[in-house]
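Read the structure below first, then the notes.
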2 protein chains.
Amino acid sequence: MSELIDRFLNGERRALARVITRVEAESEEGRELVRALYSRTEAAHTVGITGSAGSGKSTLTGGLAKELRARGKTVGIIAVDPSSPFTKGAILGDRIRMQDLALDPGVYVRSMAGRGALGGLAPAINDVVAVVAAFGFDYVLIETVGAGQDEVEIAGTALTTVLVNNPGTGDDIQAMKAGILEIADVLVVNKADLPGADTLASQLRALLSLSPAGERRPPILKTIAAKDEGMVELADAVDEHRQFLRESGGERKRRETNARHQLLATAQAILLEKIRQRTEGGNLESLVARIADRELDPHTAAEELIATLNLG
Amino acid sequence: MSELIDRFLNGERRALARVITRVEAESEEGRELVRALYSRTEAAHTVGITGSAGSGKSTLTGGLAKELRARGKTVGIIAVDPSSPFTKGAILGDRIRMQDLALDPGVYVRSMAGRGALGGLAPAINDVVAVVAAFGFDYVLIETVGAGQDEVEIAGTALTTVLVNNPGTGDDIQAMKAGILEIADVLVVNKADLPGADTLASQLRALLSLSPAGERRPPILKTIAAKDEGMVELADAVDEHRQFLRESGGERKRRETNARHQLLATAQAILLEKIRQRTEGGNLESLVARIADRELDPHTAAEELIATLNLG
């Protein structure tokens with residue numbers, strides 16, 4: 001393993017790919033690799049790019065990466081694929097458009113499956129972000145497909161969150177976004193050549209005006225990612241937010257919020273695994289049957305299950 | 001409390017509302033109420049209605065409820081509001097359209113906030129579904145706003161899952177849905193008067209054809225919920241799936257799957273709460289600071305945190 005780490009620290013792409021594969025498997029070896037590399041993750045600026053399906057996130061991520069490259073920066077991209085917790089399958093969709101970027105030695109693109117067994121982002125995503133950051137990229141872009149919960153969780157991973165919106169996607173998308181707006185640092189109206197782009201931008205502006213006075217208002221950018229329009233402004237907005245975080249002391253606060261989120265999520269996953277190990281086949285299944293028969297409610301059953309852990 | 005339960009069992013709406021409020025608060029009293037009523041939850045058929053924002057789920061839920069009422073059945077509706085984990089706020093949107101239903105004594109409508117602190121559906125949703133079922137409604141409809149993870153989680157609560165789609169919502173929505181299709185028991189193309197409805201239906205059919213031979217293929221229905229079109233067929237499809245579950249032995253299997261999901265989710269929530277209580281202020285915050293400083297990786301920190309639980 002120390003040879004693998006040496007090659008990783010030497011900048012070998014193959015070593016990075018191998019490290020990610022082991023980290024993704026959530027094996028003990030993967031965890032040791034994260035442990036060994038974690039102190040090197042601080043320099044990278046992590047950017048979450050999120051929004052509804054079909055909003056053009058992949059194209060926008062590719063466009064932002066090209067612009068950052070033009071500025072002499074290196075970029076790691078983690079494209080989180082939608083996948084079912086049942087099959088762990090992954091669908092690539094239009095990620096294929098990013099392939100030309102993959103030929104640039106200053107860019108690294110990696111897809112990964114997005115779902116953990118009990119829902120939410122796969123626990124390994126934070127670890128994959130960490131090792132890509134540790135490899136030494138200036139920026140790590142994390143693109144997630146899906147709207148809603150994932151968008152909130154990605155905010156637990158990235159320093160800057162870019163929320164991608166589209167014109168003409170229905171009335172109550174605005175309502176849905178209201179909660180999500182709170183986590184957005186940069187708002188993008190992509191496909192801005194479609195009708196309704198100005199209306200959407202005004203609606204977003206109106207929603208933002210409801211946030212408490214004195215808080216930073218995220219900028220609203222209009223882009224046409226498919227034509228590479230607005231990418232300079234997007235890269236500027238990301239850097240401005242980074243600068244804002246540094247000057248306001250917000251970076252430290254955000255790193256702590258992210259750390260708390262990761263710590264508790266990891267602790268939950270470990271405890272669940274311990275419960276599974278200790279009760280496999282026996283107690284767990286008999287409790288499940290009793291809930292299914294309505295003999296026992298889930299709370300009482302959960303307390304019985306936790307009793308098997310013998311908490312001191 | 002036993003007086004409240006008596007009034008609940010007597011069919012008093014106010015008692016139901018009060019029970020839900022206590023259950024939603026996740027208080028010990030709420031848990032005792034669930035415990036007391038859980039054995040009565042089996043008769044109701046639970047139906048999850050889910051899909052992207054703007055797909056017309058609320059209108060469809062209202063239309064299905066009206067059709068079930070016309071068949072002499074009683075209906076409880078739980079409308080899960082999108083809300084931020086940060087504010088716990090809830091936005092009603094077009095739920096207001098359901099208000100006319102609320103005047104029907106055979107219908108009960110309740111909105112609730114959707115998010116737990118660490119993401120995912122609020123743990124209380126399963127308990128609220130349980131008490132609404134225990135009140136004696138023939139059907140309990142659970143409507144969730146949001147696409148992606150919520151759809152998967154609602155499958156852990158309902159016996160029948162209805163997935164609502166719309167024509168013309170972009171190419172890669174199909175890719176996104178592929179994982180979600182696995183959890184759908186009934187597929188609806190709503191707003192079927194919009195262009196592209198037949199194309200979407202064919203695409204869904206093509207996706208379904210990829211599922212293993214011998215498995216049940218969910219029906220694909222075209223509806224215009226705003227004009228009450230297709231509601232008879234929708235109610236029929238829900239009942240056909242219910243019948244299928246009974247005859248195939250799938251109902252028992254699904255109740256066990258749901259029970260396992262609820263049991264593990266509840267156990268996780270309890271453990272997280274225990275960790276919070278035992279480490280508040282002290283150990284938790286120092287571990288968070290060390291992760292933020294990159295002195296410690298989240299796995300190692302989580303293991304230290306779990307050590308404070310003194311697992312036997």
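Following the order of the structure tokens, chains are lettered A, B, ..., residues in each are numbered from 1, and ligands are numbered from 1.
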
Residue contacts of A:Ala235 (7 Å, only C-alpha atoms) excluding same-chain residues fewer than 2 positions away, as number ranges by chain: A: 64, 67-68, 231-233, 237-239

Residues flagged strand (DSSP E or B) by DSSP in stretch 160-288 of chain A, as an NGL selection string: :A and (160-165 or 186-189 or 220-222 or 224 or 229)

Nearby residues (only C-alpha atoms) at most 8 Å from B:Leu141, same-chain spacing under 6 positions excluded, as an MDAnalysis selection string: chainID B and resid 46:49 61 75:78

Okay, now the selection with N, CA and C atoms, as a short mmCIF file (atom, residue, chain, number, x, y, z; two decimals), in the first residue's frame?
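For reference, selection-v7.cif as written:
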data_model
loop_
_atom_site.label_atom_id
_atom_site.label_comp_id
_atom_site.auth_asym_id
_atom_site.auth_seq_id
_atom_site.Cartn_x
_atom_site.Cartn_y
_atom_site.Cartn_z
N THR B 46 -51.81 1.29 1.72
CA THR B 46 -51.01 2.51 1.61
C THR B 46 -50.50 2.69 0.19
N VAL B 47 -50.67 3.91 -0.34
CA VAL B 47 -50.29 4.20 -1.73
C VAL B 47 -49.37 5.42 -1.73
N GLY B 48 -48.16 5.26 -2.20
CA GLY B 48 -47.24 6.39 -2.35
C GLY B 48 -47.41 7.00 -3.73
N ILE B 49 -47.53 8.33 -3.81
CA ILE B 49 -47.68 9.01 -5.10
C ILE B 49 -46.53 9.99 -5.21
N THR B 61 -53.45 13.16 -6.83
CA THR B 61 -53.81 12.57 -5.53
C THR B 61 -55.25 12.91 -5.18
N VAL B 75 -60.62 7.75 2.73
CA VAL B 75 -59.26 8.04 2.27
C VAL B 75 -58.55 9.01 3.23
N GLY B 76 -57.39 8.63 3.71
CA GLY B 76 -56.51 9.56 4.41
C GLY B 76 -55.41 10.00 3.46
N ILE B 77 -55.09 11.29 3.45
CA ILE B 77 -54.04 11.80 2.56
C ILE B 77 -52.96 12.47 3.41
N ILE B 78 -51.73 12.04 3.21
CA ILE B 78 -50.60 12.71 3.88
C ILE B 78 -49.78 13.38 2.80
#

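Comparing A:Gly63, A:Gly196, A:Gly136, A:Pro218 by their smallest distance to A:Val162, the closest is A:Pro218 (using only C-alpha atoms).
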
One-decimal distance in Å that lies between atom CA of B:Glu143 and atom CA of B:Gly168: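 If I compute the distance from atom CA of B:Gly168 to atom CA of B:Glu143, I get 22.3 Å.
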
Distance query A:Asp297 at most 7 Å, only C-alpha atoms, self and fewer than 5 positions along chain excluded, as a list in words: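 Within the cut-off, the hits are Ile291 of chain A; Arg35 and Tyr38 of chain B.
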
Could you dump the residues just selected with N, CA and C atoms as a JSON list (two decimals), in the first residue's frame?
[["chain", "number", "residue", "atom", "x", "y", "z"],
["A", 291, "ILE", "N", -42.73, -6.84, 13.34],
["A", 291, "ILE", "CA", -43.27, -5.55, 12.87],
["A", 291, "ILE", "C", -44.25, -5.82, 11.72],
["B", 35, "ARG", "N", -47.16, 2.94, 19.60],
["B", 35, "ARG", "CA", -47.12, 1.60, 20.20],
["B", 35, "ARG", "C", -48.54, 1.08, 20.43],
["B", 38, "TYR", "N", -50.44, 0.57, 16.88],
["B", 38, "TYR", "CA", -49.77, -0.07, 15.75],
["B", 38, "TYR", "C", -50.47, -1.33, 15.26]]

Shell around A:Glu29 at 10 Å using only C-alpha atoms, local window under 5 positions removed, as a ChimeraX atom specification: /A:1,19,22-23,34-35

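With only C-alpha atoms as the atoms that count, the minimum distance from chain A to the choices B:Ser211, B:Thr199, B:Thr223, B:Ser248 is reached by B:Ser211.
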
Which residues are close to A:Arg278, i.e. within 12 Å by only C-alpha atoms, leaving aside same-chain residues fewer than 5 positions away? Reply as an mmCIF file with N, CA and C atoms, in the first residue's frame.
data_model
loop_
_atom_site.group_PDB
_atom_site.id
_atom_site.type_symbol
_atom_site.label_atom_id
_atom_site.label_comp_id
_atom_site.auth_asym_id
_atom_site.auth_seq_id
_atom_site.Cartn_x
_atom_site.Cartn_y
_atom_site.Cartn_z
ATOM 1 N N LEU A 271 -22.308 2.189 12.916
ATOM 2 C CA LEU A 271 -23.195 1.570 13.905
ATOM 3 C C LEU A 271 -24.199 0.625 13.247
ATOM 4 N N LEU A 272 -24.708 1.041 12.099
ATOM 5 C CA LEU A 272 -25.657 0.193 11.379
ATOM 6 C C LEU A 272 -24.990 -1.119 10.986
ATOM 7 N N GLU A 273 -23.740 -1.003 10.541
ATOM 8 C CA GLU A 273 -22.993 -2.200 10.154
ATOM 9 C C GLU A 273 -22.789 -3.121 11.356
ATOM 10 N N ASN A 283 -31.923 -12.231 15.528
ATOM 11 C CA ASN A 283 -32.781 -11.233 16.132
ATOM 12 C C ASN A 283 -33.379 -10.244 15.120
ATOM 13 N N LEU A 284 -32.561 -9.781 14.170
ATOM 14 C CA LEU A 284 -33.034 -8.794 13.206
ATOM 15 C C LEU A 284 -34.256 -9.315 12.465
ATOM 16 N N GLU A 285 -34.149 -10.531 11.935
ATOM 17 C CA GLU A 285 -35.254 -11.060 11.132
ATOM 18 C C GLU A 285 -36.496 -11.347 11.972
ATOM 19 N N LEU A 305 -33.349 -3.873 19.323
ATOM 20 C CA LEU A 305 -32.185 -4.093 18.469
ATOM 21 C C LEU A 305 -30.955 -3.422 19.068
ATOM 22 N N ILE A 306 -31.127 -2.197 19.519
ATOM 23 C CA ILE A 306 -30.006 -1.436 20.075
ATOM 24 C C ILE A 306 -29.522 -2.086 21.377
ATOM 25 N N ALA A 307 -30.449 -2.731 22.094
ATOM 26 C CA ALA A 307 -30.044 -3.425 23.324
ATOM 27 C C ALA A 307 -28.994 -4.494 23.021
ATOM 28 N N THR A 308 -29.017 -5.050 21.794
ATOM 29 C CA THR A 308 -28.012 -6.067 21.442
ATOM 30 C C THR A 308 -26.616 -5.474 21.336
ATOM 31 N N LEU A 309 -26.524 -4.142 21.233
ATOM 32 C CA LEU A 309 -25.206 -3.500 21.161
ATOM 33 C C LEU A 309 -24.579 -3.343 22.540
ATOM 34 N N ASN A 310 -25.365 -3.596 23.586
ATOM 35 C CA ASN A 310 -24.855 -3.456 24.960
ATOM 36 C C ASN A 310 -24.148 -2.140 25.190
ATOM 37 N N LEU B 311 -19.642 0.380 23.556
ATOM 38 C CA LEU B 311 -20.368 -0.806 23.088
ATOM 39 C C LEU B 311 -19.834 -2.040 23.794
ATOM 40 N N GLY B 312 -20.738 -2.859 24.316
ATOM 41 C CA GLY B 312 -20.316 -4.053 25.051
ATOM 42 C C GLY B 312 -19.898 -5.174 24.124
#

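Between atom CA of A:Gly54 and atom CA of A:Leu208 the separation is 23.6 Å.
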
Contact residues around A:Ala302 with only C-alpha atoms at 7 Å, ignoring same-chain residues under 3 positions, as a PyMOL selection string: (chain A and resi 298-299+305-306) or (chain B and resi 263+266-267)

d(atom CA of A:Pro105, atom CA of A:Ser58) in Å: 19.3 Å

Selected residue of minimal separation from B:Glu229 among B:Val188, B:Val131, B:Leu245, B:Ala124, counting only C-alpha atoms: B:Val188
